[in-house]
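Everything on this sheet refers to the single structure shown next.
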Amino acid sequence: MTYGLVSLSIIMMIAVACPIITQLIPGKPMPQTVLLLVFGAIFGPFILDKIWVTKAVELLSELGLAFLFQLDVVLGAFAAGFILRFVTPNGNHTLNLKLEGVGYGFLIPVFFVVSGASIDVKAVVANPALLITFIIMLLVRAVPSFVATTLDHRVNPLDPQDKLTVSLYCTTALPLIVAATSLVVQGGIMHQTTASTLVAAGAVTVFLMPLLGGLTSKLMKGETRLIAPTA
């Protein structure tokens, strides 16, 4: 049994298990993408060394990246793709559903698991200051979102707590971070250690920011109820 087949078998089991685990967690605080990255890091070469990024695994991961950004290279990269586009120029609903099932059910999870396997967990833990710096930099993304919602002069503007909640949610950008770091590392522009820390920071924001947004909204609405009767 080849290393690629073993790796793909483990990735398939992770892809099946993560949605089930996500549904079983009360309140669903852990997004599926974060779980995929976590399991990828655990089974990757830096911890258990059970997933090897072979050429076949790397190809499937790149196809998952294409599906993630809805690129048409999945069909266009093969001769069959050109034939299908010629036969069905307006697309085929059934075929598109099947492709989306393969993409979202297998190829995209492969991409996130492989990306998680490339995270050097020891390097991230060894430099917590860099991790905190990246998290703070991502939090800065909330500022323009909050300003934009504040300057919105619609008839029914958002409440202050809703503005803050929306701004916190806007700090999460895990898929884009994972995709961008994967590309720049392959191009030799960024070191793997830095990319690992940046992806870890993105995973932390995806897990933490929705919790903070929900908690902040509840606290602010609770204070509003206490203040309203005395007004």
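Residue numbering restarts at 1 in every chain; chains get A, B, ... in the order shown in the structure tokens, and ligands count up from 1 in that same order.
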Tell me which protein, DNA and RNA residues are within 10 Å of segment 39-53 of chain A, counting only C-alpha atoms, leaving out same-chain ones fewer than 4 positions away, and put them as a short mmCIF file (atom, residue, chain, number, x, y, z; two decimals) with N, CA and C atoms, in the first residue's frame.
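The result, stored in result.cif:
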```
data_model
loop_
_atom_site.label_atom_id
_atom_site.label_comp_id
_atom_site.auth_asym_id
_atom_site.auth_seq_id
_atom_site.Cartn_x
_atom_site.Cartn_y
_atom_site.Cartn_z
N TYR A 3 2.22 5.26 0.17
CA TYR A 3 2.04 6.33 1.14
C TYR A 3 0.86 7.22 0.78
N GLY A 4 0.70 7.47 -0.53
CA GLY A 4 -0.41 8.32 -0.97
C GLY A 4 -1.76 7.72 -0.64
N LEU A 5 -1.89 6.39 -0.84
CA LEU A 5 -3.16 5.73 -0.56
C LEU A 5 -3.46 5.74 0.94
N VAL A 6 -2.43 5.53 1.75
CA VAL A 6 -2.62 5.58 3.21
C VAL A 6 -3.04 6.98 3.63
N SER A 7 -2.36 7.98 3.08
CA SER A 7 -2.69 9.37 3.42
C SER A 7 -4.11 9.72 3.02
N LEU A 8 -4.50 9.34 1.80
CA LEU A 8 -5.85 9.64 1.33
C LEU A 8 -6.90 8.91 2.16
N SER A 9 -6.59 7.70 2.60
CA SER A 9 -7.53 6.95 3.44
C SER A 9 -7.75 7.67 4.77
N ILE A 10 -6.66 8.15 5.37
CA ILE A 10 -6.78 8.88 6.63
C ILE A 10 -7.53 10.19 6.42
N ILE A 11 -7.23 10.87 5.32
CA ILE A 11 -7.92 12.14 5.03
C ILE A 11 -9.40 11.90 4.82
N ILE A 14 -11.05 11.48 8.13
CA ILE A 14 -11.16 12.79 8.80
C ILE A 14 -12.30 13.60 8.18
N ALA A 15 -12.39 13.57 6.85
CA ALA A 15 -13.45 14.32 6.15
C ALA A 15 -14.83 13.84 6.54
N CYS A 18 -15.32 14.80 10.69
CA CYS A 18 -15.42 16.21 11.12
C CYS A 18 -16.85 16.76 11.11
N VAL A 34 -11.95 24.43 10.99
CA VAL A 34 -10.97 24.40 12.07
C VAL A 34 -10.66 22.97 12.48
N LEU A 35 -11.70 22.14 12.56
CA LEU A 35 -11.48 20.73 12.90
C LEU A 35 -10.62 20.03 11.85
N VAL A 57 -1.74 13.40 -3.44
CA VAL A 57 -2.43 14.16 -2.39
C VAL A 57 -2.34 15.66 -2.69
N GLU A 58 -1.19 16.10 -3.16
CA GLU A 58 -1.02 17.52 -3.49
C GLU A 58 -1.93 17.94 -4.63
N LEU A 59 -2.10 17.05 -5.63
CA LEU A 59 -2.98 17.35 -6.76
C LEU A 59 -4.42 17.50 -6.28
N SER A 61 -5.39 18.26 -3.31
CA SER A 61 -5.45 19.47 -2.49
C SER A 61 -5.59 20.71 -3.37
N PRO A 109 -12.30 19.36 1.82
CA PRO A 109 -11.72 18.80 3.06
C PRO A 109 -10.28 18.33 2.89
N VAL A 110 -9.96 17.74 1.72
CA VAL A 110 -8.57 17.33 1.47
C VAL A 110 -7.65 18.53 1.55
N PHE A 111 -8.07 19.63 0.95
CA PHE A 111 -7.25 20.84 0.95
C PHE A 111 -6.98 21.33 2.38
N PHE A 112 -8.02 21.36 3.22
CA PHE A 112 -7.84 21.86 4.58
C PHE A 112 -7.03 20.88 5.43
N VAL A 113 -7.24 19.58 5.24
CA VAL A 113 -6.46 18.60 6.01
C VAL A 113 -4.99 18.67 5.63
N VAL A 114 -4.71 18.76 4.32
CA VAL A 114 -3.33 18.87 3.86
C VAL A 114 -2.70 20.17 4.36
N SER A 115 -3.48 21.25 4.36
CA SER A 115 -2.98 22.51 4.89
C SER A 115 -2.68 22.40 6.38
N GLY A 116 -3.56 21.68 7.10
CA GLY A 116 -3.31 21.46 8.52
C GLY A 116 -2.08 20.61 8.76
N ALA A 117 -1.85 19.64 7.87
CA ALA A 117 -0.68 18.77 8.00
C ALA A 117 0.62 19.53 7.81
N SER A 118 0.55 20.66 7.12
CA SER A 118 1.75 21.47 6.89
C SER A 118 2.03 22.44 8.03
N ILE A 119 1.15 22.49 9.04
CA ILE A 119 1.35 23.39 10.18
C ILE A 119 2.39 22.80 11.12
N ASP A 120 3.43 23.55 11.37
CA ASP A 120 4.47 23.15 12.32
C ASP A 120 4.02 23.59 13.71
N VAL A 121 3.34 22.71 14.41
CA VAL A 121 2.74 23.05 15.71
C VAL A 121 3.81 23.47 16.71
N LYS A 122 4.94 22.78 16.71
CA LYS A 122 6.01 23.11 17.66
C LYS A 122 6.55 24.52 17.42
N ALA A 123 6.66 24.90 16.15
CA ALA A 123 7.13 26.24 15.83
C ALA A 123 6.13 27.31 16.27
N SER A 196 2.63 28.71 9.11
CA SER A 196 1.97 27.90 10.13
C SER A 196 1.35 28.79 11.21
#
```
Contacts of Leu139 of chain A at 12 Å (only C-alpha atoms; same-chain gap of 6+ positions) as number ranges by chain: A: 132-133, 145-146, 164, 167-173, 201-202, 204-206, 208-209, 212
Separation of atom CA of Val102 of chain A from atom CA of Met13 of chain A in Å: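 Interatomic distance, atom CA of Met13 of chain A to atom CA of Val102 of chain A: 14.9 Å.
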Top pick for closest residue to Val143 of chain A, considering A:Val166, A:Leu63, A:Val16, A:Leu107 and counting only C-alpha atoms: A:Val166
Distance of atom CA of Val124 of chain A from atom CA of Ala180 of chain A, expressed in Å to one decimal place: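 Between atom CA of Ala180 of chain A and atom CA of Val124 of chain A the gap works out to 18.1 Å.
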